[in-house]
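Structure file protein17.txt; described as compact mmCIF, C-alpha atoms and all ligand atoms.
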```
# COMPACT_ATOMS: atom_id res chain seq x y z
CA MET A 201 11.44 -0.12 -14.13
CA ALA A 202 9.41 3.04 -14.26
CA SER A 203 11.41 5.31 -16.51
CA SER A 204 10.20 8.49 -18.05
CA SER A 205 11.75 7.43 -21.36
CA SER A 206 9.18 4.66 -21.12
CA SER A 207 10.76 1.60 -22.67
CA ARG A 208 7.75 -0.42 -21.63
CA VAL A 209 5.39 -0.88 -24.50
CA SER A 210 2.25 -1.72 -22.62
CA GLN A 211 -1.20 -0.29 -22.99
CA LEU A 212 -0.80 1.24 -19.58
CA GLY A 213 2.47 2.89 -20.43
CA VAL A 214 0.93 4.43 -23.51
CA LYS A 215 -2.06 5.72 -21.58
CA ALA A 216 0.14 7.22 -18.90
CA ALA A 217 2.39 8.79 -21.52
CA LEU A 218 -0.60 10.50 -23.10
CA LEU A 219 -1.62 11.80 -19.71
CA ALA A 220 1.91 13.06 -19.20
CA ALA A 221 1.89 14.88 -22.51
CA VAL A 222 -1.23 16.79 -21.49
CA CYS A 223 0.44 17.73 -18.25
CA LEU A 224 3.52 19.08 -20.02
CA VAL A 225 1.48 21.12 -22.49
CA LEU A 226 -0.32 22.74 -19.57
CA HIS A 227 2.98 23.55 -17.90
CA GLY A 228 4.46 24.91 -21.11
CA GLY A 229 1.44 27.02 -21.92
CA GLY A 230 1.68 28.81 -18.61
CA SER A 231 -2.08 28.61 -18.43
CA MET A 232 -2.15 25.85 -15.89
CA THR A 233 -5.10 26.04 -13.57
CA ALA A 234 -5.36 22.70 -11.81
CA ALA A 235 -1.95 21.05 -11.90
CA GLU A 236 -1.91 17.37 -12.75
CA LEU A 237 0.58 14.69 -11.98
CA CYS A 238 2.69 13.52 -14.90
CA VAL A 239 5.32 10.93 -15.72
CA GLY A 240 8.01 13.34 -16.81
CA TYR A 241 7.68 15.75 -13.91
CA TYR A 242 11.36 15.50 -12.88
CA ASP A 243 12.83 15.07 -16.36
CA ASP A 244 14.49 18.48 -16.31
CA THR A 245 14.93 19.09 -12.59
CA CYS A 246 16.07 15.65 -11.37
CA PRO A 247 16.39 13.28 -14.32
CA ASP A 248 17.92 10.45 -12.25
CA ALA A 249 15.28 10.60 -9.49
CA ILE A 250 13.87 7.16 -10.14
CA SER A 251 17.19 5.37 -10.49
CA ILE A 252 18.46 7.08 -7.32
CA VAL A 253 15.49 5.73 -5.37
CA GLN A 254 15.97 2.32 -6.95
CA GLY A 255 19.63 2.23 -5.86
CA VAL A 256 18.68 2.98 -2.25
CA LEU A 257 15.97 0.30 -2.29
CA GLU A 258 18.24 -2.37 -3.76
CA GLU A 259 20.84 -1.62 -1.12
CA ALA A 260 18.26 -1.82 1.69
CA HIS A 261 16.86 -5.06 0.31
CA GLN A 262 20.19 -6.82 0.73
CA SER A 263 19.80 -6.82 4.50
CA ASP A 264 15.99 -6.62 4.66
CA PRO A 265 14.04 -8.88 2.29
CA ARG A 266 10.79 -7.50 3.71
CA ILE A 267 11.47 -3.88 2.81
CA PHE A 268 9.65 -3.89 -0.55
CA ALA A 269 6.41 -4.99 1.12
CA SER A 270 6.82 -2.44 3.89
CA LEU A 271 7.32 0.41 1.41
CA ILE A 272 4.24 -0.23 -0.70
CA ARG A 273 2.20 -0.34 2.49
CA LEU A 274 3.50 3.11 3.44
CA HIS A 275 2.26 4.51 0.12
CA PHE A 276 -1.17 2.95 0.79
CA HIS A 277 -1.32 4.38 4.32
CA ASP A 278 -0.21 7.74 2.97
CA CYS A 279 -2.78 7.95 0.18
CA PHE A 280 -5.76 6.81 2.28
CA VAL A 281 -5.17 9.57 4.84
CA GLN A 282 -5.64 13.10 3.42
CA GLY A 283 -4.51 11.88 0.00
CA CYS A 284 -0.93 11.12 -1.14
CA ASP A 285 0.71 14.01 0.69
CA GLY A 286 3.49 12.35 2.67
CA SER A 287 1.50 12.83 5.87
CA VAL A 288 2.28 9.31 7.10
CA LEU A 289 5.96 10.24 7.28
CA LEU A 290 5.57 13.20 9.65
CA ASP A 291 6.49 13.07 13.30
CA THR A 292 4.29 14.88 15.81
CA PHE A 293 4.54 18.69 15.45
CA ASP A 294 2.59 21.86 16.25
CA GLY A 295 -0.48 20.13 17.61
CA PHE A 296 -0.55 17.50 14.84
CA GLU A 297 -0.18 14.07 16.39
CA SER A 298 1.83 11.75 14.22
CA GLU A 299 -0.05 9.23 12.09
CA LYS A 300 2.75 6.85 13.07
CA ASP A 301 1.10 6.64 16.51
CA ALA A 302 -2.28 5.59 15.12
CA ARG A 303 -3.17 1.98 15.74
CA PRO A 304 -2.77 0.72 12.15
CA ASN A 305 0.79 2.14 12.08
CA ASN A 306 2.12 1.88 15.62
CA GLY A 307 4.44 -1.10 15.94
CA SER A 308 3.51 -2.02 12.39
CA ALA A 309 4.36 0.52 9.68
CA ARG A 310 8.05 0.32 8.84
CA GLY A 311 10.56 1.41 6.21
CA PHE A 312 10.91 5.02 7.41
CA PRO A 313 14.75 4.95 7.53
CA VAL A 314 14.86 3.76 3.93
CA VAL A 315 12.57 6.61 2.86
CA ASP A 316 14.91 8.97 4.72
CA ALA A 317 17.92 7.45 2.94
CA ALA A 318 16.25 7.92 -0.44
CA LYS A 319 15.40 11.50 0.50
CA ALA A 320 19.01 12.18 1.54
CA ALA A 321 20.34 10.77 -1.73
CA LEU A 322 17.88 12.91 -3.70
CA GLU A 323 18.77 16.03 -1.70
CA ASP A 324 22.42 15.40 -2.63
CA ALA A 325 21.62 15.07 -6.32
CA CYS A 326 18.94 17.75 -6.69
CA PRO A 327 18.23 19.69 -3.50
CA GLY A 328 14.66 20.69 -2.75
CA VAL A 329 13.15 19.06 -5.82
CA VAL A 330 11.65 15.61 -5.19
CA SER A 331 8.83 15.39 -2.66
CA CYS A 332 8.53 12.69 -0.02
CA ALA A 333 5.04 11.83 -1.29
CA ASP A 334 6.56 11.14 -4.71
CA ILE A 335 9.33 9.06 -3.14
CA LEU A 336 6.64 6.78 -1.69
CA ALA A 337 4.90 6.47 -5.07
CA ILE A 338 8.20 5.69 -6.83
CA ALA A 339 9.26 3.24 -4.11
CA ALA A 340 5.95 1.38 -4.33
CA GLU A 341 6.37 0.78 -8.06
CA ILE A 342 10.00 -0.27 -7.82
CA SER A 343 9.17 -2.58 -4.90
CA VAL A 344 6.48 -4.40 -6.85
CA GLU A 345 8.55 -4.69 -9.98
CA LEU A 346 11.69 -5.94 -8.19
CA SER A 347 9.52 -8.57 -6.47
CA GLY A 348 8.32 -10.01 -9.77
CA GLY A 349 5.18 -7.96 -10.21
CA PRO A 350 4.03 -5.57 -12.92
CA GLY A 351 5.59 -2.22 -13.70
CA TRP A 352 3.73 0.97 -14.43
CA SER A 353 4.55 4.56 -15.30
CA VAL A 354 4.44 6.45 -12.01
CA LEU A 355 2.73 9.81 -12.19
CA LEU A 356 4.72 12.45 -10.32
CA GLY A 357 4.50 16.04 -9.14
CA ARG A 358 2.93 15.69 -5.70
CA LEU A 359 3.93 18.22 -3.08
CA ASP A 360 4.27 17.28 0.57
CA GLY A 361 1.40 18.46 2.72
CA LEU A 362 1.68 20.65 5.79
CA THR A 363 -0.65 18.65 8.05
CA SER A 364 -1.28 15.13 9.25
CA SER A 365 -4.31 13.39 10.74
CA LYS A 366 -3.91 10.72 13.36
CA ALA A 367 -7.72 10.51 13.57
CA ASP A 368 -8.06 9.64 9.87
CA ALA A 369 -5.19 7.14 10.20
CA GLU A 370 -7.14 5.39 12.98
CA ASN A 371 -9.87 4.93 10.39
CA LEU A 372 -7.76 3.10 7.79
CA PRO A 373 -9.23 -0.19 6.55
CA GLY A 374 -8.74 -2.70 9.36
CA PRO A 375 -8.06 -6.45 9.50
CA PHE A 376 -11.36 -7.11 11.30
CA ASP A 377 -13.48 -4.98 8.98
CA GLY A 378 -16.26 -6.83 7.21
CA LEU A 379 -16.77 -6.56 3.47
CA PRO A 380 -19.38 -3.76 3.64
CA VAL A 381 -17.03 -1.62 5.75
CA LEU A 382 -14.05 -2.31 3.48
CA ARG A 383 -16.13 -1.35 0.47
CA ALA A 384 -17.34 1.85 2.17
CA LYS A 385 -13.78 2.85 3.07
CA PHE A 386 -12.59 2.35 -0.50
CA ARG A 387 -15.51 4.36 -1.87
CA ASN A 388 -14.76 7.09 0.64
CA ALA A 389 -11.20 7.16 -0.67
CA THR A 390 -12.69 7.75 -4.16
CA LEU A 391 -11.70 4.27 -5.27
CA ASP A 392 -13.89 1.60 -6.77
CA ASP A 393 -15.36 -0.71 -4.11
CA THR A 394 -14.99 -3.91 -6.09
CA THR A 395 -12.14 -3.96 -8.62
CA ASP A 396 -9.80 -1.52 -6.83
CA LEU A 397 -10.55 -3.17 -3.48
CA VAL A 398 -9.81 -6.66 -4.74
CA ALA A 399 -6.81 -5.68 -6.87
CA LEU A 400 -5.12 -3.57 -4.20
CA SER A 401 -5.73 -6.19 -1.51
CA GLY A 402 -3.45 -8.31 -3.69
CA GLY A 403 -0.66 -6.29 -2.08
CA HIS A 404 -0.93 -9.02 0.56
CA THR A 405 0.89 -11.37 -1.80
CA PHE A 406 4.09 -10.46 0.04
CA GLY A 407 5.23 -9.16 3.41
CA ARG A 408 4.66 -10.11 7.02
CA VAL A 409 1.84 -9.98 9.51
CA GLN A 410 1.69 -10.26 13.30
CA CYS A 411 -0.09 -13.06 15.15
CA GLN A 412 -2.37 -10.59 16.96
CA PHE A 413 -4.26 -10.07 13.70
CA VAL A 414 -5.23 -13.72 13.33
CA THR A 415 -5.69 -15.05 16.88
CA ALA A 416 -9.39 -14.20 16.97
CA ARG A 417 -9.88 -16.24 13.78
CA LEU A 418 -8.02 -19.16 15.31
CA TYR A 419 -9.65 -19.34 18.73
CA ASN A 420 -12.62 -17.08 19.25
CA PHE A 421 -14.13 -15.81 16.04
CA SER A 422 -16.78 -13.11 16.65
CA GLY A 423 -16.90 -14.17 20.29
CA THR A 424 -18.05 -17.72 19.45
CA ASN A 425 -15.09 -19.48 21.10
CA GLN A 426 -14.80 -21.29 17.77
CA PRO A 427 -12.43 -20.74 14.88
CA ASP A 428 -13.48 -18.83 11.79
CA PRO A 429 -15.37 -21.37 9.65
CA THR A 430 -13.91 -19.81 6.53
CA LEU A 431 -10.37 -20.76 7.61
CA ASN A 432 -8.94 -23.88 5.99
CA PRO A 433 -8.43 -26.51 8.77
CA ALA A 434 -4.88 -27.42 7.74
CA TYR A 435 -3.93 -23.75 7.51
CA ARG A 436 -5.57 -23.18 10.89
CA ALA A 437 -3.48 -25.98 12.41
CA PHE A 438 -0.35 -24.47 10.86
CA LEU A 439 -1.15 -20.99 12.15
CA SER A 440 -2.12 -22.30 15.61
CA GLN A 441 1.40 -23.69 15.95
CA ARG A 442 2.89 -20.36 15.02
CA CYS A 443 0.39 -18.28 16.99
CA PRO A 444 -0.56 -20.06 20.22
CA ARG A 445 -3.56 -18.75 22.11
CA ASN A 446 -1.63 -16.80 24.70
CA GLY A 447 1.57 -16.40 22.74
CA ASP A 448 3.44 -13.32 21.60
CA GLY A 449 0.97 -11.31 19.53
CA SER A 450 3.78 -9.58 17.69
CA SER A 451 5.33 -12.76 16.21
CA LEU A 452 5.59 -12.52 12.46
CA ASN A 453 4.08 -14.71 9.75
CA ASP A 454 4.09 -14.60 5.98
CA LEU A 455 1.00 -13.07 4.45
CA ASP A 456 1.48 -15.55 1.59
CA PRO A 457 3.35 -18.63 2.87
CA SER A 458 3.50 -20.15 -0.63
CA THR A 459 5.80 -17.41 -2.03
CA PRO A 460 6.48 -14.99 0.85
CA ASP A 461 8.53 -12.36 -0.99
CA THR A 462 7.26 -12.72 -4.53
CA PHE A 463 4.64 -10.50 -6.09
CA ASP A 464 2.34 -12.97 -7.87
CA ASN A 465 -1.35 -13.95 -7.88
CA ASN A 466 -1.01 -16.57 -5.13
CA TYR A 467 -2.91 -14.26 -2.78
CA TYR A 468 -6.01 -15.09 -4.82
CA THR A 469 -5.34 -18.80 -5.24
CA ASN A 470 -4.96 -18.87 -1.45
CA LEU A 471 -8.35 -17.19 -0.99
CA GLU A 472 -9.91 -19.80 -3.29
CA VAL A 473 -8.96 -22.53 -0.78
CA ASN A 474 -9.74 -20.53 2.39
CA ARG A 475 -6.11 -19.68 3.03
CA GLY A 476 -6.44 -15.93 3.39
CA PHE A 477 -4.57 -14.72 6.48
CA LEU A 478 -6.72 -11.80 7.59
CA GLN A 479 -10.46 -11.80 8.00
CA SER A 480 -10.47 -8.80 5.65
CA ASP A 481 -8.69 -10.93 3.03
CA GLN A 482 -10.98 -13.95 3.17
CA GLU A 483 -14.12 -11.76 3.22
CA LEU A 484 -13.42 -10.79 -0.39
CA LYS A 485 -14.17 -14.39 -1.35
CA SER A 486 -16.31 -15.73 1.49
CA ASP A 487 -18.58 -12.98 2.80
CA PRO A 488 -22.23 -13.67 1.93
CA GLY A 489 -22.29 -10.43 -0.03
CA ALA A 490 -19.13 -11.30 -1.98
CA SER A 491 -20.71 -13.60 -4.54
CA THR A 492 -22.26 -10.71 -6.47
CA THR A 493 -19.46 -8.20 -5.84
CA THR A 494 -15.86 -9.12 -5.05
CA ALA A 495 -15.70 -12.93 -5.28
CA PRO A 496 -15.95 -13.07 -9.10
CA ILE A 497 -12.97 -10.71 -9.28
CA VAL A 498 -11.01 -12.90 -6.85
CA ASP A 499 -11.81 -15.83 -9.14
CA ARG A 500 -10.64 -13.95 -12.20
CA PHE A 501 -7.33 -12.92 -10.62
CA ALA A 502 -6.80 -16.46 -9.26
CA SER A 503 -7.07 -17.87 -12.75
CA SER A 504 -5.12 -15.15 -14.54
CA GLN A 505 -2.02 -13.52 -13.11
CA ASP A 506 -2.00 -11.32 -16.19
CA ALA A 507 -5.47 -9.97 -15.42
CA PHE A 508 -4.36 -9.29 -11.84
CA PHE A 509 -1.19 -7.51 -12.88
CA ARG A 510 -3.03 -5.25 -15.32
CA SER A 511 -5.70 -4.33 -12.76
CA PHE A 512 -3.16 -3.88 -10.00
CA ALA A 513 -1.09 -1.42 -12.03
CA GLN A 514 -4.21 0.55 -12.94
CA SER A 515 -5.47 0.63 -9.36
CA MET A 516 -2.07 1.72 -8.05
CA ILE A 517 -2.11 4.67 -10.44
CA LYS A 518 -5.63 5.50 -9.22
CA MET A 519 -4.58 5.22 -5.59
CA GLY A 520 -1.57 7.44 -6.29
CA ASN A 521 -3.96 10.04 -7.64
CA ILE A 522 -5.97 10.42 -4.45
CA ARG A 523 -6.05 14.12 -3.59
CA PRO A 524 -2.44 14.99 -4.40
CA VAL A 525 -1.26 18.39 -3.21
CA THR A 526 -0.17 20.43 -6.23
CA ASP A 527 -1.01 23.95 -5.04
CA PRO A 528 2.23 25.50 -3.70
CA SER A 529 0.29 27.43 -1.08
CA LEU A 530 -0.83 24.11 0.43
CA GLY A 531 2.39 22.14 0.16
CA GLU A 532 6.14 22.10 -0.23
CA VAL A 533 9.02 19.79 -1.03
CA ARG A 534 10.18 18.73 2.39
CA THR A 535 13.90 18.69 3.14
CA GLN A 536 13.41 15.86 5.63
CA CYS A 537 10.41 13.60 5.29
CA ALA A 538 9.58 13.53 9.00
CA PHE A 539 9.38 17.33 9.36
CA VAL A 540 7.68 20.23 7.62
CA ASN A 541 10.29 22.71 6.50
CA ASP A 542 9.67 25.59 8.89
CA SER A 543 9.60 23.43 12.02
C1 LIG A 601 -8.05 -3.73 2.10
C2 LIG A 601 -7.78 -3.38 3.33
C3 LIG A 601 -6.48 -3.69 4.01
C4 LIG A 601 -6.34 -4.11 5.29
C5 LIG A 601 -7.46 -4.35 6.26
C6 LIG A 601 -4.94 -4.32 5.53
C7 LIG A 601 -4.41 -4.73 6.74
C8 LIG A 601 -3.09 -5.10 6.93
C9 LIG A 601 -2.55 -5.62 8.15
C10 LIG A 601 -3.33 -5.81 9.45
C11 LIG A 601 -1.25 -5.91 7.94
C12 LIG A 601 -0.26 -6.51 8.93
C13 LIG A 601 0.35 -5.44 9.78
C14 LIG A 601 1.18 -6.00 10.90
O1 LIG A 601 1.12 -7.20 11.17
O2 LIG A 601 1.91 -5.20 11.53
C15 LIG A 601 -0.95 -5.56 6.58
C16 LIG A 601 0.27 -5.72 5.99
C17 LIG A 601 0.54 -5.37 4.69
N1 LIG A 601 -0.31 -4.73 3.83
FE1 LIG A 601 -2.28 -4.41 4.10
N2 LIG A 601 -4.24 -4.02 4.41
C18 LIG A 601 -5.13 -3.62 3.45
C19 LIG A 601 -4.83 -3.18 2.18
C20 LIG A 601 -3.56 -3.12 1.66
C21 LIG A 601 -3.21 -2.48 0.42
C22 LIG A 601 -4.19 -1.71 -0.46
C23 LIG A 601 -1.87 -2.69 0.24
C24 LIG A 601 -1.00 -2.26 -0.90
C25 LIG A 601 -1.41 -2.06 -2.13
C26 LIG A 601 -1.39 -3.45 1.37
C27 LIG A 601 -0.11 -3.89 1.53
C28 LIG A 601 0.35 -4.55 2.65
C29 LIG A 601 1.68 -5.14 2.73
C30 LIG A 601 2.69 -5.22 1.61
C31 LIG A 601 1.81 -5.64 4.02
C32 LIG A 601 3.06 -6.27 4.65
C33 LIG A 601 3.94 -5.15 5.15
C34 LIG A 601 5.25 -5.56 5.77
O3 LIG A 601 5.67 -6.72 5.69
O4 LIG A 601 5.90 -4.67 6.35
N3 LIG A 601 -2.44 -3.66 2.22
N4 LIG A 601 -2.09 -5.06 6.00
C1 LIG A 602 2.53 2.18 20.50
O1 LIG A 602 2.77 0.84 20.86
C2 LIG A 602 3.55 0.67 22.01
C3 LIG A 602 3.83 -0.80 22.25
O2 LIG A 602 3.37 -1.60 21.26
C4 LIG A 602 2.86 1.29 23.21
O3 LIG A 602 3.66 1.17 24.37
C5 LIG A 602 2.58 2.75 22.92
O4 LIG A 602 1.81 3.30 23.98
C6 LIG A 602 1.82 2.91 21.61
N1 LIG A 602 1.72 4.31 21.29
C7 LIG A 602 0.55 4.92 21.15
C8 LIG A 602 0.61 6.37 20.83
O5 LIG A 602 -0.51 4.35 21.26
C1 LIG A 603 -13.86 9.70 4.54
O1 LIG A 603 -12.84 10.52 4.01
C2 LIG A 603 -12.65 11.73 4.70
C3 LIG A 603 -11.60 12.54 3.99
O2 LIG A 603 -11.75 12.48 2.62
C4 LIG A 603 -12.21 11.43 6.11
O3 LIG A 603 -12.01 12.61 6.83
C5 LIG A 603 -13.23 10.57 6.79
O4 LIG A 603 -12.75 10.17 8.06
C6 LIG A 603 -13.53 9.34 5.98
N1 LIG A 603 -14.65 8.62 6.56
C7 LIG A 603 -14.69 7.29 6.64
C8 LIG A 603 -15.90 6.70 7.25
O5 LIG A 603 -13.79 6.58 6.23
C1 LIG A 604 -14.25 -14.54 23.17
O1 LIG A 604 -14.68 -13.30 22.68
C2 LIG A 604 -15.77 -12.75 23.42
C3 LIG A 604 -16.25 -11.50 22.73
O2 LIG A 604 -15.20 -10.76 22.17
C4 LIG A 604 -15.28 -12.47 24.84
O3 LIG A 604 -16.33 -11.89 25.61
C5 LIG A 604 -14.80 -13.76 25.46
O4 LIG A 604 -14.27 -13.52 26.75
C6 LIG A 604 -13.75 -14.43 24.59
N1 LIG A 604 -13.44 -15.75 25.10
C7 LIG A 604 -12.21 -16.09 25.50
C8 LIG A 604 -12.05 -17.47 26.01
O5 LIG A 604 -11.26 -15.35 25.41
```

As structure tokens, how would this structure be written, given the file I've shared?
Amino acid sequence: MASSSSSRVSQLGVKAALLAAVCLVLHGGGSMTAAELCVGYYDDTCPDAISIVQGVLEEAHQSDPRIFASLIRLHFHDCFVQGCDGSVLLDTFDGFESEKDARPNNGSARGFPVVDAAKAALEDACPGVVSCADILAIAAEISVELSGGPGWSVLLGRLDGLTSSKADAENLPGPFDGLPVLRAKFRNATLDDTTDLVALSGGHTFGRVQCQFVTARLYNFSGTNQPDPTLNPAYRAFLSQRCPRNGDGSSLNDLDPSTPDTFDNNYYTNLEVNRGFLQSDQELKSDPGASTTTAPIVDRFASSQDAFFRSFAQSMIKMGNIRPVTDPSLGEVRTQCAFVNDS
């Protein structure tokens, strides 16, 4: 688990610890100009923050095996919209329409009550200290690790922002985006458009997905009235049973039927045999432009879970570093994650 007294002796842990040390020196020196995130941010003010979140997640997982997948997705949807500022958690207020109502989130993003429960537990232990944006970052790491994936040292110290953007949330990477668009959206988020894109898409190694996001691939791909040629015929037959042409578009499927709740590299071994669920998944391997960009990385992660885990941890730290709010005039520690404090 991600502990500040880093028991993990990995290269990553060491790197993050060095970063953290720099951060603490800056704090201590009182000469801090641009605040940075750091591992030990809550060591003095809320030393049990991470284990408190972990307790809430373990409890939730007992009745909801999907919750770990849902929580990492919330962190992704938070960070890609205005940076990791907790904006995805806000309800509509003061002329800001909630990102929850944007198409990628509406009827899809879930886990909000568990975030609220973690927030409530943290407010009990150390009122007004741990931001909702940090809760999402912590929850993402714990979720991956408790599902069998890699751990990493989570950098902390984000404040919660005071705004949200439904318009930017509408523009999140979409399941029907082609490879060039996916790459452009990752670049725009200041991430790398090959390694980060492929590694983070590996988040689709667990969790669920609605039929509406695959029906076009099954029955009428790009308006051809034919299935997507890059969809394995046996997998297509399987999915056609589960997602009939005029069936309920909200029926759920496993993103990775081979190990639905385990964080492993099967996402990539699936792509190798045309068993990606979303068009945006299979494009990473099968788009004509993939062979010189993303496909070799898919191949590498398919043949080495270790390589995937190392890249995934690194890319998650990078994603968690997208435009964090650290200036107190631009953010706050929310008391409730769905509301800014003065509302
Ligand atoms: C690369 C572009 C991406 C696209 C186009 C995409 C799209 C989607 C879609 C359409 C769903 C299903 C939603 C539903 O059926 O309601 C989904 C689910 C999911 N996504 Fe992504 N996603 C992307 C990247 C990511 C990233 C970067 C992560 C995390 C690192 C992630 C983690 C997940 C998880 C865990 C689920 C399942 C959530 C659950 O079961 O509640 N996705 N994604
Ligand atoms: C969200 O989805 C529901 C049903 O899926 C729909 O009735 C509602 O209008 C949608 N909300 C927005 C803001 O689009
Ligand atoms: C690029 O990112 C900015 C914010 O950094 C956002 O407002 C804009 O909508 C994004 N554009 C695209 C095409 O994703
Ligand atoms: C297939 O898709 C095309 C373009 O999106 C659409 O015009 C057509 O009506 C669809 N065919 C069927 C049978 O739904």

If I take atom CA of Gly255 of chain A and atom CA of Ala320 of chain A, how far is one from the other in Å, to one decimal?
12.4 Å

Let me make sure I understand: among A:Arg445, A:Arg383, A:His275, A:His404, which one has the smallest atom-to-atom distance to ligand LIG 604 (chain A) if we use only C-alpha atoms and all ligand atoms?
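Using only C-alpha atoms and all ligand atoms, the shortest distance to ligand LIG 604 (chain A) belongs to A:Arg445.
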
Could you give me, as a PyMOL selection string, the residues that have an atom at most 12 Å away from the point (16.4, 17.8, -1.6) in the coordinates of the file, using all atoms listed in the file?
chain A and resi 245-246+249+316-332+335+532-537+541

Output file for the selection above: C-alpha atoms, as a PDB file, keeping the file's coordinate frame:
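So the final result, stored in again_31.pdb, reads:
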```pdb
ATOM      1  CA  THR A 245      14.930  19.090 -12.590  1.00  0.00           C
ATOM      2  CA  CYS A 246      16.070  15.650 -11.370  1.00  0.00           C
ATOM      3  CA  ALA A 249      15.280  10.600  -9.490  1.00  0.00           C
ATOM      4  CA  ASP A 316      14.910   8.970   4.720  1.00  0.00           C
ATOM      5  CA  ALA A 317      17.920   7.450   2.940  1.00  0.00           C
ATOM      6  CA  ALA A 318      16.250   7.920  -0.440  1.00  0.00           C
ATOM      7  CA  LYS A 319      15.400  11.500   0.500  1.00  0.00           C
ATOM      8  CA  ALA A 320      19.010  12.180   1.540  1.00  0.00           C
ATOM      9  CA  ALA A 321      20.340  10.770  -1.730  1.00  0.00           C
ATOM     10  CA  LEU A 322      17.880  12.910  -3.700  1.00  0.00           C
ATOM     11  CA  GLU A 323      18.770  16.030  -1.700  1.00  0.00           C
ATOM     12  CA  ASP A 324      22.420  15.400  -2.630  1.00  0.00           C
ATOM     13  CA  ALA A 325      21.620  15.070  -6.320  1.00  0.00           C
ATOM     14  CA  CYS A 326      18.940  17.750  -6.690  1.00  0.00           C
ATOM     15  CA  PRO A 327      18.230  19.690  -3.500  1.00  0.00           C
ATOM     16  CA  GLY A 328      14.660  20.690  -2.750  1.00  0.00           C
ATOM     17  CA  VAL A 329      13.150  19.060  -5.820  1.00  0.00           C
ATOM     18  CA  VAL A 330      11.650  15.610  -5.190  1.00  0.00           C
ATOM     19  CA  SER A 331       8.830  15.390  -2.660  1.00  0.00           C
ATOM     20  CA  CYS A 332       8.530  12.690  -0.020  1.00  0.00           C
ATOM     21  CA  ILE A 335       9.330   9.060  -3.140  1.00  0.00           C
ATOM     22  CA  GLU A 532       6.140  22.100  -0.230  1.00  0.00           C
ATOM     23  CA  VAL A 533       9.020  19.790  -1.030  1.00  0.00           C
ATOM     24  CA  ARG A 534      10.180  18.730   2.390  1.00  0.00           C
ATOM     25  CA  THR A 535      13.900  18.690   3.140  1.00  0.00           C
ATOM     26  CA  GLN A 536      13.410  15.860   5.630  1.00  0.00           C
ATOM     27  CA  CYS A 537      10.410  13.600   5.290  1.00  0.00           C
ATOM     28  CA  ASN A 541      10.290  22.710   6.500  1.00  0.00           C
TER      29      ASN A 541
END
```

Ligand LIG 602 (chain A): axis-aligned bounding box, 3 Å on each side, centre and edge lengths in Å, one decimal, as lines of an AutoDock Vina configuration file:
```
center_x = 1.7
center_y = 2.4
center_z = 22.4
size_x = 10.3
size_y = 14.0
size_z = 9.9
```

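Nearest to Leu257 of chain A of all the residues A:Gly240, A:Leu290, A:Cys284, A:Val344 is A:Val344, counting all atoms listed in the file.
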
Give me the residues near segment 460-466 of chain A as an MDAnalysis selection string, where near means some atom within 9 Å (using all atoms listed in the file) and where sequence neighbours in that chain fewer than 3 positions away do not count.
chainID A and resid 265:266 268:269 344:350 402:408 454:457 469:471 501:506 508:509

Please save C-alpha atoms of the selected residues as a compact mmCIF listing (two decimals), keeping the file's coordinate frame.
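again_30.txt, written as the output of this step:
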```txt
# COMPACT_ATOMS: atom_id res chain seq x y z
CA PRO A 265 14.04 -8.88 2.29
CA ARG A 266 10.79 -7.50 3.71
CA PHE A 268 9.65 -3.89 -0.55
CA ALA A 269 6.41 -4.99 1.12
CA VAL A 344 6.48 -4.40 -6.85
CA GLU A 345 8.55 -4.69 -9.98
CA LEU A 346 11.69 -5.94 -8.19
CA SER A 347 9.52 -8.57 -6.47
CA GLY A 348 8.32 -10.01 -9.77
CA GLY A 349 5.18 -7.96 -10.21
CA PRO A 350 4.03 -5.57 -12.92
CA GLY A 402 -3.45 -8.31 -3.69
CA GLY A 403 -0.66 -6.29 -2.08
CA HIS A 404 -0.93 -9.02 0.56
CA THR A 405 0.89 -11.37 -1.80
CA PHE A 406 4.09 -10.46 0.04
CA GLY A 407 5.23 -9.16 3.41
CA ARG A 408 4.66 -10.11 7.02
CA ASP A 454 4.09 -14.60 5.98
CA LEU A 455 1.00 -13.07 4.45
CA ASP A 456 1.48 -15.55 1.59
CA PRO A 457 3.35 -18.63 2.87
CA THR A 469 -5.34 -18.80 -5.24
CA ASN A 470 -4.96 -18.87 -1.45
CA LEU A 471 -8.35 -17.19 -0.99
CA PHE A 501 -7.33 -12.92 -10.62
CA ALA A 502 -6.80 -16.46 -9.26
CA SER A 503 -7.07 -17.87 -12.75
CA SER A 504 -5.12 -15.15 -14.54
CA GLN A 505 -2.02 -13.52 -13.11
CA ASP A 506 -2.00 -11.32 -16.19
CA PHE A 508 -4.36 -9.29 -11.84
CA PHE A 509 -1.19 -7.51 -12.88
```

Residues up to 12 Å from ligand LIG 603 (chain A), counting all atoms listed in the file: could you list those as a ChimeraX atom specification?
/A:279-284,364-374,377,380-391,522-524

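For the pair atom CA of Thr424 of chain A and atom FE1 of ligand LIG 601 (chain A), the interatomic distance is 25.7 Å.
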
Under the rule that all atoms listed in the file are counted, which of A:Tyr241, A:Gly531, A:Asp248, A:Ser511 is the nearest residue to Gly357 of chain A?
A:Tyr241

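Between Ile517 of chain A and the residues A:Thr493, A:Asn453, A:Ser353, A:Gln482, the shortest atom-to-atom distance, using only C-alpha atoms, involves A:Ser353.
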
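In terms of minimum interatomic distance to ligand LIG 601 (chain A), A:Leu271 ranks closest within A:Leu271, A:Ala333, A:Cys238, A:Ala490, counting all atoms listed in the file.
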
Could you please determine the separation between atom C26 of ligand LIG 601 (chain A) and atom CA of Arg273 of chain A in Å, to one decimal place?
4.9 Å
